[in-house]
Amino acid sequence: TSEEGDFSDNSRKTTMLSVAFGADNVVYSGTEKGDVYVWRDGKLSAQEILQNAHESKVVFVEAQLSAVPRGPARVSGFSTVSVDGTINLYDENFHQTNTVKLGEGDRDLSVCSLAFSAATRTVLVGTTTNEILEMDISEPEAPRTVHELVQGHGTGELRALAVHPSEPTFLTAGEDHTVRIWSMKDRAPALRREMHDGTVMAAAFSPDGSHIALGMKDGKIEILYKRDMSQKTVGMTSDSLGQAICDLKYSPDGRYLAAASHDGRVAVFDPNENYDSVRQFPAGSYPVMHIDWSTDSRFLQTNDEQGERAIYKMPEGKMASKRDDLTSIVWETWTGVLGDEVQGIWPKYADFSDVNTADVNFDHGVMVTGDDQGLVKLFRFPCIRKGAKFRKYGGHADHVTNVRFSCEGSRVVSIGGADSTIFQWKLLPDIQGFDNGVDISTATDYLSSDEEDEDSDRSDADLDSDVEQEAEVTYDRKFAKDDMKKRKKSFKYMTSGLDRNKPPYESLQLKFVHGYRAQDCRNNLFYTRNGEVVYHVAAVGIVYERDSHTQRFYLQHTDDILCLTKHPTDDIFATGQVGKDPAIHVWESENMENLAVLQGEHARGVCELDFTAAGTRLASVGLDDDHSIVIWDWKTSTPLAKTKGHKDKIFGIQWNPYDSARFVTIGIKHIKFWTMSGNSFTSKRGIFGTAGEINTMVSVAHGSTPEDVYTGAPSGQVYVWRGNNLARTVQAHSGPCFSVKMDGHDILTAGKDGVVCVWTEDLAKCVKRYTINRHFLQAGRAFLLEDKPPVRTVCPGDGTLLVGTKNSEVLELDRATGKFNILAQGHMGSHRENELWGLATHPTKHIVATVSDDKTLRLWDIAENVMLAARRLEVGGRCADFSPDGKMLAVGQNDGSFFVLHLESWEIKTKFHHRKEKISDIRFSPDGKYLAVASHENHVDVYNMEKGKRVGICKGASSYITHVDWEGTGRVLQINSGARERLFFEIPRCKHLPMREPDKTLQWYTWTGVLGPLSSGVWPAGCDVTDVNAVSASHDWSLLAAADDFGFVKLFRFPCDGDYAKFKKYLGHSSHVTNVRWSHDDTRLVSTGGMDTSLMVWVRRRSAPRDHGGCDSDDSDTDQEELEDEDEEVEEDNVEDEVEKSRALFAMADVDSDGTVTSSELAKALRKLGFRPTEADIRDILAAADDDDTEGTNGDSGVDP
């Protein structure tokens, strides 16, 4: 219980900053006004208030205690401290006896903590500038003797770290606007300089150690003398680079200083000529985070924010080629985090931002890294195998921003971001047992924080990859579809006065979807009562009819569907998706109608669902930090109860079929048994005892009694539970047991070993084993990718079993014979690793080729909707193209190679490997004589296919190549680059052609480029060059299909010139749509999804009746919306006559060109356009424009902001 203090007079109410107890329950509190309040029995004693005890805030009140033999401690006095460093000393009755000013002399202390010695002769002072000082206060009148025990940087992140090349010193700098040099030997600061001009982001010592280069947040570079940290006057301009300097390095010979900028540029300066500028060159479209010089100062390697590594010849700044023999380059330093030599430092499935910094000690062959988890890790170097073993060291509270070895390599310095701390570590390379998990802390006075065997003996390389991936998977989105409608109103205003191209009259209808989500799902295959098969991929719920080989679609989800469950008695299904406010949809499979949408309780996504045995309630598990569990009355869309599930990821939830108040959850290293009472929950952890090891559980099923539960583990064992006690384990599979299902009295299990087992009741005996291999595949046109694919789920049927594999296959197995048919298949997903980009359509047949990061090339018949062939590749690929006669297929791969194979024999005819970066596009010339191969090395190589050799290189692009198209005669090639360049080259000479209006003089063979006047209308307002991934013009040149980062397939009229053309958009893909292509006769459009890895086949509807949404999303420019808008357009005609055409309303409104638009400016602009907006309209528009850094889609106008 608590009682509020009684101030007696409200005028005395103020903020209390500190408190201390005195004798007889008297309480003293320090206030922000400098007073000390005295409280007796909860009431303020007004007559005892010590007014103006200090001139500023009283941050500390403490009672001094003296020990009494055989009794409690006795209060012998008090002390108070103000923020200005003044200490008042009091006796036991709180009468002042002394005053000590800590800030006397040359110090002005801001105190946040205090501790007195036993005799009150010395005091420890903690300051807000991260210092701990010891002061002698025994003689109040004498000058203060101050001992600096600990020093550090002030508030703000630490950014810059540099180590002296020959002395045991290092430099740090950060957001506290100070630069400090520290002695490693003394573990103390040596020099300090205030940087009043801004924040230092990067630093470097010159090779002789005499100069210090500082890179600032505003793009400036300053040079200091090391001896006294005074500033050197240099010749470089004050605004050397426009954006923050991310890294600085002197060349080993001291002739150059290279600076990498946040805008993707590298600047080179000459220290011998007073730091005059030598050259600036673009190193990509993204911030350059790390740079390193070769030992001969001839090469510079860069790492950018998006995971691209490049090597440049210096000082000219030209990208190095294969002729430069890059493998023989010896690097002076290695502080980058990218490259074959260091790919092992990356945890599997990590984001490019997870590892922030690295440094290599070449003498000892070790590498140190700092990451976003606050860990310093030690690896062997080179570190080639991904997920390599390491030793980890904790201490930092937040992300580690920089690490460096000392000049002689015996120490490591690491700096923390938000914790603003500097750690100094000692390297112990020769301790016996270093590689065997031995505790080395006893070998030295330096403590190792690595005391967990799992770091060196059980790193993530040794864990099961499938389970590990599921535990680490996230569902972050560049674009949140939850926010799409927030800006709808404002962008309707933006485009109302523009003369925009109308949407096409024709439309698309989804016909077939190839794919099945298996990589992070289980229990997502079901039969309906009439034998149809239900599953999901991307944002589509699919009902498959086997006899007719057709599909029906549930298309009301807006993002990835992560889970699926079936009602126990009806053909009703529930699906949960990804999203900021993720939705659960309940729908019936006969008419694909929505029955309920459950929303508002989860964050990030819904990963698990289950109906009660009666089907009246639905349990859901979210992807928030607590993996919240919500119980729903789904018929009324009402949440009944909510609780925290578990900190680690939950892999399954299942209601007890015998008791509707009980359920079980499983996941990483846990199993919980829950009981629900009203809207509250109680849970019991599973007790493993001695019957089995504590393990992660990946599947669950209830047995024949209310107390029997079976769970599958990554070890392949099935755990048998009685209540919440583990009774025994049964070894069922040689890999993880991903599925456990009850089938009457039988138990079905399936695992990563590609085997499905049938067990008698209580797992007493395995009576049947079904192995998935090609020998048991029934005759047909389907193709099984590999034998024994990992099985993720099974579903029992009438004499059959549905089997879902990790290879994205849905199989139907005959229980009597063990033979199976393939019902569905697609490319394999693996979250951010196996994206699908490569797509090509046959010139004369309904055949499509796809190639993916999953290292497979596949051939599809899109008329029969079946996979014809597949080929495993050593390296993944992202582009493909058929020869004009349809006999050859060219495929570009991610390692810079490409090959051409015979379509009939499926054998490789020729292969070339002239590039190191991925091949981004590949196109045959109209006559098939030439093949253009575009790469991320900013070049397009042209090959003569008759002679089998390279005949030219198209150079001149300043960024990676995105798209290539041939002119109809095969004499001109157009390319698009990541820098939004559109360039033209004469073939075969590969001569650059400066053409002003090529589209008026040239007839293009294909149009797949996203740049140029013929496709300018596809670009949303405010987008970047990566937002539209692909376009494809139909062969009759009437339609243009587009694929974008927002998950839409869009249909425009062609040519699509002007700005912000109207369109029809179609939802089905969940993540970015990577490619679109028309079939040879324009009757079908094929699209590919990036992370959803699905292949969707759309049918073109010619002269179709009015669209009522169909496969279109609910806010697309459908035909129905065009009809509804006709009345509005009649009213707007009068206004449009008065409107001057404008590309954007905000550009017009920003009359003072200050980059911002005020409410009055916006109102004036709208009135000029003929509108009469209310104050509420203005507020809504500005609120939408200022909303998060998200993007949305204006469905009414077809504009993506």
# chains A, B, ... in the order shown; residues from 1 in each chain; ligands from 1
>>> residues_around(residues="region 406-414 of chain A", least_positions_apart="5", cutoff="6 Å", atoms="only C-alpha atoms", output="MDAnalysis selection string")
chainID A and resid 165:166 422:427
>>> residues_around(residues="region 980-985 of chain A", least_positions_apart="5", cutoff="12 Å", atoms="only C-alpha atoms", output="tab-separated table (two decimals) with N, CA, C and O atoms, in the first residue's frame")
chain	number	residue	atom	x	y	z
A	285	SER	N	25.67	3.65	-55.24
A	285	SER	CA	24.49	4.47	-54.94
A	285	SER	C	24.17	4.52	-53.46
A	285	SER	O	23.23	5.19	-53.06
A	932	ALA	N	23.77	-10.10	-75.13
A	932	ALA	CA	24.21	-9.03	-74.23
A	932	ALA	C	24.09	-9.51	-72.79
A	932	ALA	O	23.04	-10.00	-72.37
A	938	ASN	N	28.92	-2.69	-63.67
A	938	ASN	CA	28.64	-1.47	-64.45
A	938	ASN	C	28.91	-1.64	-65.94
A	938	ASN	O	28.96	-0.64	-66.66
A	939	HIS	N	29.09	-2.86	-66.41
A	939	HIS	CA	29.39	-3.11	-67.82
A	939	HIS	C	28.37	-4.07	-68.42
A	939	HIS	O	27.72	-4.85	-67.72
A	940	VAL	N	28.28	-4.01	-69.77
A	940	VAL	CA	27.53	-5.01	-70.53
A	940	VAL	C	28.49	-5.65	-71.52
A	940	VAL	O	29.09	-4.96	-72.36
A	941	ASP	N	28.68	-6.95	-71.39
A	941	ASP	CA	29.54	-7.70	-72.31
A	941	ASP	C	28.68	-8.22	-73.46
A	941	ASP	O	27.57	-8.73	-73.25
A	942	VAL	N	29.19	-8.10	-74.68
A	942	VAL	CA	28.48	-8.57	-75.87
A	942	VAL	C	29.25	-9.73	-76.46
A	942	VAL	O	30.46	-9.63	-76.72
A	952	GLY	N	32.86	-7.34	-77.50
A	952	GLY	CA	32.88	-5.96	-77.06
A	952	GLY	C	32.35	-5.79	-75.65
A	952	GLY	O	31.70	-6.69	-75.10
A	953	ILE	N	32.65	-4.61	-75.08
A	953	ILE	CA	32.18	-4.27	-73.74
A	953	ILE	C	31.58	-2.87	-73.79
A	953	ILE	O	32.23	-1.92	-74.23
A	954	CYS	N	30.35	-2.75	-73.36
A	954	CYS	CA	29.67	-1.45	-73.29
A	954	CYS	C	30.00	-0.81	-71.95
A	954	CYS	O	29.57	-1.31	-70.90
A	955	LYS	N	30.77	0.28	-71.98
A	955	LYS	CA	31.21	0.95	-70.77
A	955	LYS	C	30.61	2.36	-70.71
A	955	LYS	O	30.21	2.91	-71.72
A	956	GLY	N	30.57	2.91	-69.50
A	956	GLY	CA	30.11	4.27	-69.34
A	956	GLY	C	29.08	4.45	-68.25
A	956	GLY	O	28.84	5.58	-67.81
A	957	ALA	N	28.46	3.37	-67.82
A	957	ALA	CA	27.48	3.47	-66.73
A	957	ALA	C	28.20	3.71	-65.42
A	957	ALA	O	29.28	3.15	-65.18
A	958	SER	N	27.62	4.53	-64.56
A	958	SER	CA	28.25	4.84	-63.28
A	958	SER	C	27.72	3.97	-62.15
A	958	SER	O	28.12	4.15	-61.00
A	959	SER	N	26.82	3.04	-62.45
A	959	SER	CA	26.29	2.14	-61.43
A	959	SER	C	25.96	0.81	-62.10
A	959	SER	O	26.13	0.64	-63.31
A	960	TYR	N	25.48	-0.12	-61.30
A	960	TYR	CA	25.18	-1.46	-61.80
A	960	TYR	C	24.08	-1.41	-62.86
A	960	TYR	O	23.21	-0.54	-62.86
A	961	ILE	N	24.10	-2.35	-63.78
A	961	ILE	CA	23.12	-2.41	-64.87
A	961	ILE	C	21.88	-3.14	-64.39
A	961	ILE	O	21.98	-4.19	-63.75
A	962	THR	N	20.71	-2.59	-64.71
A	962	THR	CA	19.45	-3.20	-64.28
A	962	THR	C	18.70	-3.88	-65.41
A	962	THR	O	18.15	-4.97	-65.23
A	963	HIS	N	18.66	-3.25	-66.59
A	963	HIS	CA	17.87	-3.80	-67.69
A	963	HIS	C	18.56	-3.54	-69.02
A	963	HIS	O	19.27	-2.54	-69.19
A	964	VAL	N	18.30	-4.45	-69.97
A	964	VAL	CA	18.88	-4.36	-71.32
A	964	VAL	C	17.78	-4.65	-72.32
A	964	VAL	O	16.98	-5.57	-72.13
A	965	ASP	N	17.73	-3.87	-73.41
A	965	ASP	CA	16.78	-4.11	-74.51
A	965	ASP	C	17.46	-3.86	-75.84
A	965	ASP	O	18.29	-2.93	-75.97
A	966	TRP	N	17.08	-4.66	-76.86
A	966	TRP	CA	17.62	-4.52	-78.21
A	966	TRP	C	16.66	-3.73	-79.07
A	966	TRP	O	15.44	-3.82	-78.94
A	967	GLU	N	17.24	-2.97	-79.99
A	967	GLU	CA	16.47	-2.35	-81.06
A	967	GLU	C	16.15	-3.43	-82.10
A	967	GLU	O	16.82	-4.46	-82.18
A	970	GLY	N	18.79	-5.12	-84.17
A	970	GLY	CA	19.92	-5.69	-83.45
A	970	GLY	C	21.17	-4.85	-83.53
A	970	GLY	O	22.25	-5.32	-83.17
A	971	ARG	N	21.05	-3.60	-83.97
A	971	ARG	CA	22.24	-2.75	-84.10
A	971	ARG	C	22.44	-1.80	-82.92
A	971	ARG	O	23.51	-1.23	-82.76
A	972	VAL	N	21.38	-1.60	-82.15
A	972	VAL	CA	21.47	-0.67	-81.01
A	972	VAL	C	21.00	-1.39	-79.76
A	972	VAL	O	20.00	-2.12	-79.78
A	973	LEU	N	21.73	-1.15	-78.69
A	973	LEU	CA	21.40	-1.73	-77.38
A	973	LEU	C	21.15	-0.59	-76.41
A	973	LEU	O	21.94	0.35	-76.31
A	974	GLN	N	20.02	-0.66	-75.67
A	974	GLN	CA	19.80	0.34	-74.61
A	974	GLN	C	19.94	-0.34	-73.26
A	974	GLN	O	19.54	-1.50	-73.08
A	975	ILE	N	20.53	0.39	-72.32
A	975	ILE	CA	20.71	-0.15	-70.97
A	975	ILE	C	20.17	0.85	-69.96
A	975	ILE	O	20.16	2.05	-70.19
A	990	CYS	N	30.15	-1.65	-79.71
A	990	CYS	CA	29.93	-1.21	-78.33
A	990	CYS	C	30.32	0.25	-78.13
A	990	CYS	O	30.85	0.65	-77.09
A	991	LYS	N	30.04	1.05	-79.16
A	991	LYS	CA	30.34	2.48	-79.11
A	991	LYS	C	29.15	3.21	-78.52
A	991	LYS	O	28.00	3.00	-78.92
A	992	HIS	N	29.44	4.10	-77.57
A	992	HIS	CA	28.36	4.86	-76.94
A	992	HIS	C	27.74	5.83	-77.93
A	992	HIS	O	28.43	6.56	-78.64
A	993	LEU	N	26.38	5.85	-77.99
A	993	LEU	CA	25.65	6.72	-78.90
A	993	LEU	C	24.91	7.79	-78.10
A	993	LEU	O	23.99	7.47	-77.35
A	994	PRO	N	25.29	9.06	-78.24
A	994	PRO	CA	24.56	10.13	-77.53
A	994	PRO	C	23.27	10.47	-78.29
A	994	PRO	O	23.26	11.34	-79.15
A	995	MET	N	22.18	9.81	-77.98
A	995	MET	CA	20.92	9.97	-78.71
A	995	MET	C	19.94	10.81	-77.89
A	995	MET	O	19.73	10.55	-76.70
A	996	ARG	N	19.33	11.80	-78.54
A	996	ARG	CA	18.41	12.70	-77.84
A	996	ARG	C	16.99	12.13	-77.77
A	996	ARG	O	16.37	12.12	-76.73
A	997	GLU	N	16.45	11.71	-78.90
A	997	GLU	CA	15.09	11.20	-78.94
A	997	GLU	C	15.08	9.85	-79.65
A	997	GLU	O	14.54	9.71	-80.76
A	998	PRO	N	15.68	8.84	-79.04
A	998	PRO	CA	15.78	7.53	-79.72
A	998	PRO	C	14.44	6.87	-79.95
A	998	PRO	O	14.28	6.11	-80.91
A	999	ASP	N	13.46	7.13	-79.09
A	999	ASP	CA	12.19	6.41	-79.21
A	999	ASP	C	11.37	6.88	-80.41
A	999	ASP	O	10.40	6.24	-80.79
A	1002	LEU	N	13.77	4.85	-83.38
A	1002	LEU	CA	14.07	3.43	-83.28
A	1002	LEU	C	12.82	2.63	-82.96
A	1002	LEU	O	11.94	3.09	-82.23
A	1009	GLY	N	12.87	-2.14	-70.01
A	1009	GLY	CA	13.54	-1.13	-69.21
A	1009	GLY	C	12.55	-0.24	-68.49
A	1009	GLY	O	11.48	0.09	-69.01
A	1010	VAL	N	12.92	0.17	-67.30
A	1010	VAL	CA	12.03	0.98	-66.47
A	1010	VAL	C	12.24	2.47	-66.68
A	1010	VAL	O	11.51	3.29	-66.12
A	1011	LEU	N	13.24	2.84	-67.51
A	1011	LEU	CA	13.54	4.24	-67.76
A	1011	LEU	C	13.18	4.62	-69.19
A	1011	LEU	O	13.13	3.76	-70.07
A	1012	GLY	N	12.95	5.90	-69.40
A	1012	GLY	CA	12.62	6.37	-70.73
A	1012	GLY	C	11.19	6.85	-70.81
A	1012	GLY	O	10.34	6.49	-69.99
A	1013	PRO	N	10.88	7.66	-71.82
A	1013	PRO	CA	9.54	8.26	-71.92
A	1013	PRO	C	8.43	7.25	-72.13
A	1013	PRO	O	7.28	7.52	-71.77
A	1016	SER	N	7.67	6.21	-68.45
A	1016	SER	CA	7.84	7.19	-67.37
A	1016	SER	C	6.63	7.25	-66.45
A	1016	SER	O	6.75	7.60	-65.28
A	1023	CYS	N	9.50	8.22	-55.30
A	1023	CYS	CA	10.13	6.91	-55.18
A	1023	CYS	C	11.61	7.00	-55.53
A	1023	CYS	O	12.09	8.03	-56.02
A	1024	ASP	N	12.35	5.91	-55.30
A	1024	ASP	CA	13.73	5.85	-55.75
A	1024	ASP	C	13.83	4.84	-56.88
A	1024	ASP	O	12.86	4.18	-57.24
A	1025	VAL	N	15.04	4.69	-57.41
A	1025	VAL	CA	15.23	3.90	-58.63
A	1025	VAL	C	15.00	2.41	-58.41
A	1025	VAL	O	14.84	1.65	-59.36
A	1026	THR	N	14.95	1.98	-57.15
A	1026	THR	CA	14.76	0.56	-56.88
A	1026	THR	C	13.30	0.18	-56.67
A	1026	THR	O	13.00	-1.00	-56.48
A	1027	ASP	N	12.39	1.15	-56.69
A	1027	ASP	CA	11.00	0.84	-56.34
A	1027	ASP	C	10.24	0.13	-57.46
A	1027	ASP	O	9.30	-0.61	-57.19
A	1028	VAL	N	10.60	0.37	-58.71
A	1028	VAL	CA	10.01	-0.36	-59.83
A	1028	VAL	C	11.07	-1.33	-60.34
A	1028	VAL	O	12.11	-0.92	-60.84
>>> closest_residue(among="A:Ser683, A:Ser620, A:Asn807, A:Ser660", to="Lys855 (chain A)", atoms="only C-alpha atoms")
A:Asn807
>>> closest_residue(among="A:Asn865, A:Gly365, A:Glu761, A:Leu777", to="Gln551 (chain A)", atoms="only C-alpha atoms")
A:Asn865
>>> closest_residue(among="A:Thr528, A:Ile245, A:Ala418, A:His913", to="Asp218 (chain A)", atoms="only C-alpha atoms")
A:Ile245
>>> select_by_dssp(residues="region 179-225 of chain A", states="strand (DSSP E)", output="MDAnalysis selection string")
chainID A and resid 179:183 188:194 200:205 211:216 221:225
>>> write_last_selection(atoms="N, CA, C and O atoms", output="short mmCIF file (atom, residue, chain, number, x, y, z; two decimals), in the first residue's frame")
data_model
loop_
_atom_site.label_atom_id
_atom_site.label_comp_id
_atom_site.auth_asym_id
_atom_site.auth_seq_id
_atom_site.Cartn_x
_atom_site.Cartn_y
_atom_site.Cartn_z
N VAL A 179 37.42 15.06 -28.96
CA VAL A 179 38.37 14.08 -29.50
C VAL A 179 39.39 13.82 -28.41
O VAL A 179 39.95 14.75 -27.82
N ARG A 180 39.66 12.54 -28.13
CA ARG A 180 40.55 12.19 -27.02
C ARG A 180 41.58 11.16 -27.48
O ARG A 180 41.24 10.23 -28.22
N ILE A 181 42.81 11.35 -27.04
CA ILE A 181 43.87 10.37 -27.26
C ILE A 181 44.16 9.69 -25.94
O ILE A 181 44.29 10.34 -24.89
N TRP A 182 44.24 8.35 -25.99
CA TRP A 182 44.39 7.54 -24.78
C TRP A 182 45.69 6.73 -24.86
O TRP A 182 46.11 6.31 -25.93
N SER A 183 46.26 6.50 -23.69
CA SER A 183 47.43 5.64 -23.57
C SER A 183 46.98 4.23 -23.22
O SER A 183 46.30 4.02 -22.21
N ALA A 188 44.74 5.52 -19.59
CA ALA A 188 44.33 6.85 -19.15
C ALA A 188 44.38 7.80 -20.34
O ALA A 188 45.10 7.55 -21.32
N PRO A 189 43.64 8.90 -20.27
CA PRO A 189 43.67 9.87 -21.38
C PRO A 189 44.99 10.63 -21.39
O PRO A 189 45.57 10.93 -20.36
N ALA A 190 45.44 10.95 -22.60
CA ALA A 190 46.67 11.71 -22.76
C ALA A 190 46.42 13.12 -23.25
O ALA A 190 47.03 14.08 -22.77
N LEU A 191 45.52 13.27 -24.22
CA LEU A 191 45.20 14.58 -24.78
C LEU A 191 43.70 14.65 -25.05
O LEU A 191 43.04 13.64 -25.27
N ARG A 192 43.20 15.89 -25.10
CA ARG A 192 41.78 16.08 -25.35
C ARG A 192 41.57 17.39 -26.09
O ARG A 192 42.27 18.38 -25.83
N ARG A 193 40.61 17.39 -27.02
CA ARG A 193 40.29 18.62 -27.76
C ARG A 193 38.78 18.71 -27.94
O ARG A 193 38.12 17.72 -28.29
N GLU A 194 38.24 19.87 -27.69
CA GLU A 194 36.83 20.13 -27.94
C GLU A 194 36.63 20.43 -29.42
O GLU A 194 37.38 21.21 -30.02
N VAL A 200 32.38 14.17 -34.81
CA VAL A 200 33.39 13.42 -35.56
C VAL A 200 32.86 12.02 -35.81
O VAL A 200 32.46 11.32 -34.89
N MET A 201 32.84 11.59 -37.09
CA MET A 201 32.31 10.29 -37.47
C MET A 201 33.42 9.27 -37.76
O MET A 201 33.20 8.06 -37.65
N ALA A 202 34.60 9.74 -38.17
CA ALA A 202 35.69 8.83 -38.53
C ALA A 202 37.01 9.52 -38.28
O ALA A 202 37.10 10.75 -38.27
N ALA A 203 38.07 8.73 -38.06
CA ALA A 203 39.38 9.30 -37.79
C ALA A 203 40.46 8.37 -38.30
O ALA A 203 40.24 7.16 -38.46
N ALA A 204 41.64 8.94 -38.57
CA ALA A 204 42.77 8.14 -39.03
C ALA A 204 44.06 8.85 -38.69
O ALA A 204 44.16 10.09 -38.75
N PHE A 205 45.08 8.06 -38.29
CA PHE A 205 46.44 8.57 -38.11
C PHE A 205 47.19 8.46 -39.44
O PHE A 205 46.99 7.50 -40.19
N HIS A 211 50.04 13.27 -38.07
CA HIS A 211 48.78 13.95 -38.36
C HIS A 211 47.60 13.07 -38.00
O HIS A 211 47.69 11.83 -38.04
N ILE A 212 46.51 13.74 -37.69
CA ILE A 212 45.24 13.05 -37.44
C ILE A 212 44.19 13.64 -38.38
O ILE A 212 44.01 14.87 -38.39
N ALA A 213 43.55 12.81 -39.17
CA ALA A 213 42.46 13.26 -40.04
C ALA A 213 41.13 12.93 -39.38
O ALA A 213 40.93 11.80 -38.90
N LEU A 214 40.24 13.90 -39.34
CA LEU A 214 38.92 13.73 -38.73
C LEU A 214 37.85 13.95 -39.79
O LEU A 214 37.85 14.98 -40.47
N GLY A 215 36.94 13.00 -39.93
CA GLY A 215 35.81 13.14 -40.83
C GLY A 215 34.57 13.52 -40.05
O GLY A 215 34.20 12.84 -39.09
N MET A 216 33.92 14.61 -40.46
CA MET A 216 32.83 15.17 -39.70
C MET A 216 31.46 14.74 -40.25
O MET A 216 31.34 14.29 -41.39
N ILE A 221 36.36 17.74 -43.50
CA ILE A 221 37.52 16.98 -43.03
C ILE A 221 38.48 17.96 -42.37
O ILE A 221 38.82 18.99 -42.95
N GLU A 222 38.88 17.66 -41.15
CA GLU A 222 39.81 18.51 -40.42
C GLU A 222 41.07 17.72 -40.11
O GLU A 222 41.01 16.51 -39.85
N ILE A 223 42.20 18.42 -40.13
CA ILE A 223 43.51 17.80 -39.87
C ILE A 223 44.09 18.40 -38.59
O ILE A 223 44.14 19.63 -38.43
N LEU A 224 44.53 17.53 -37.66
CA LEU A 224 45.15 17.96 -36.41
C LEU A 224 46.58 17.46 -36.35
O LEU A 224 46.92 16.43 -36.94
N TYR A 225 47.43 18.21 -35.61
CA TYR A 225 48.75 17.71 -35.27
C TYR A 225 48.61 16.78 -34.08
O TYR A 225 47.94 17.11 -33.09
#
>>> residues_around(residues="Arg1101 (chain A)", least_positions_apart="3", cutoff="8 Å", atoms="only C-alpha atoms", output="PyMOL selection string")
chain A and resi 506-509+1104
>>> write_last_selection(atoms="C-alpha atoms", output="PDB file, in the first residue's frame")
ATOM      1  CA  GLU A 506      -8.364  -4.714 -70.450  1.00  0.00           C
ATOM      2  CA  SER A 507      -7.505  -6.431 -67.219  1.00  0.00           C
ATOM      3  CA  LEU A 508      -5.856  -9.486 -65.658  1.00  0.00           C
ATOM      4  CA  GLN A 509      -7.227 -12.454 -63.765  1.00  0.00           C
ATOM      5  CA  ALA A1104     -14.047  -7.946 -70.602  1.00  0.00           C
TER       6      ALA A1104
END
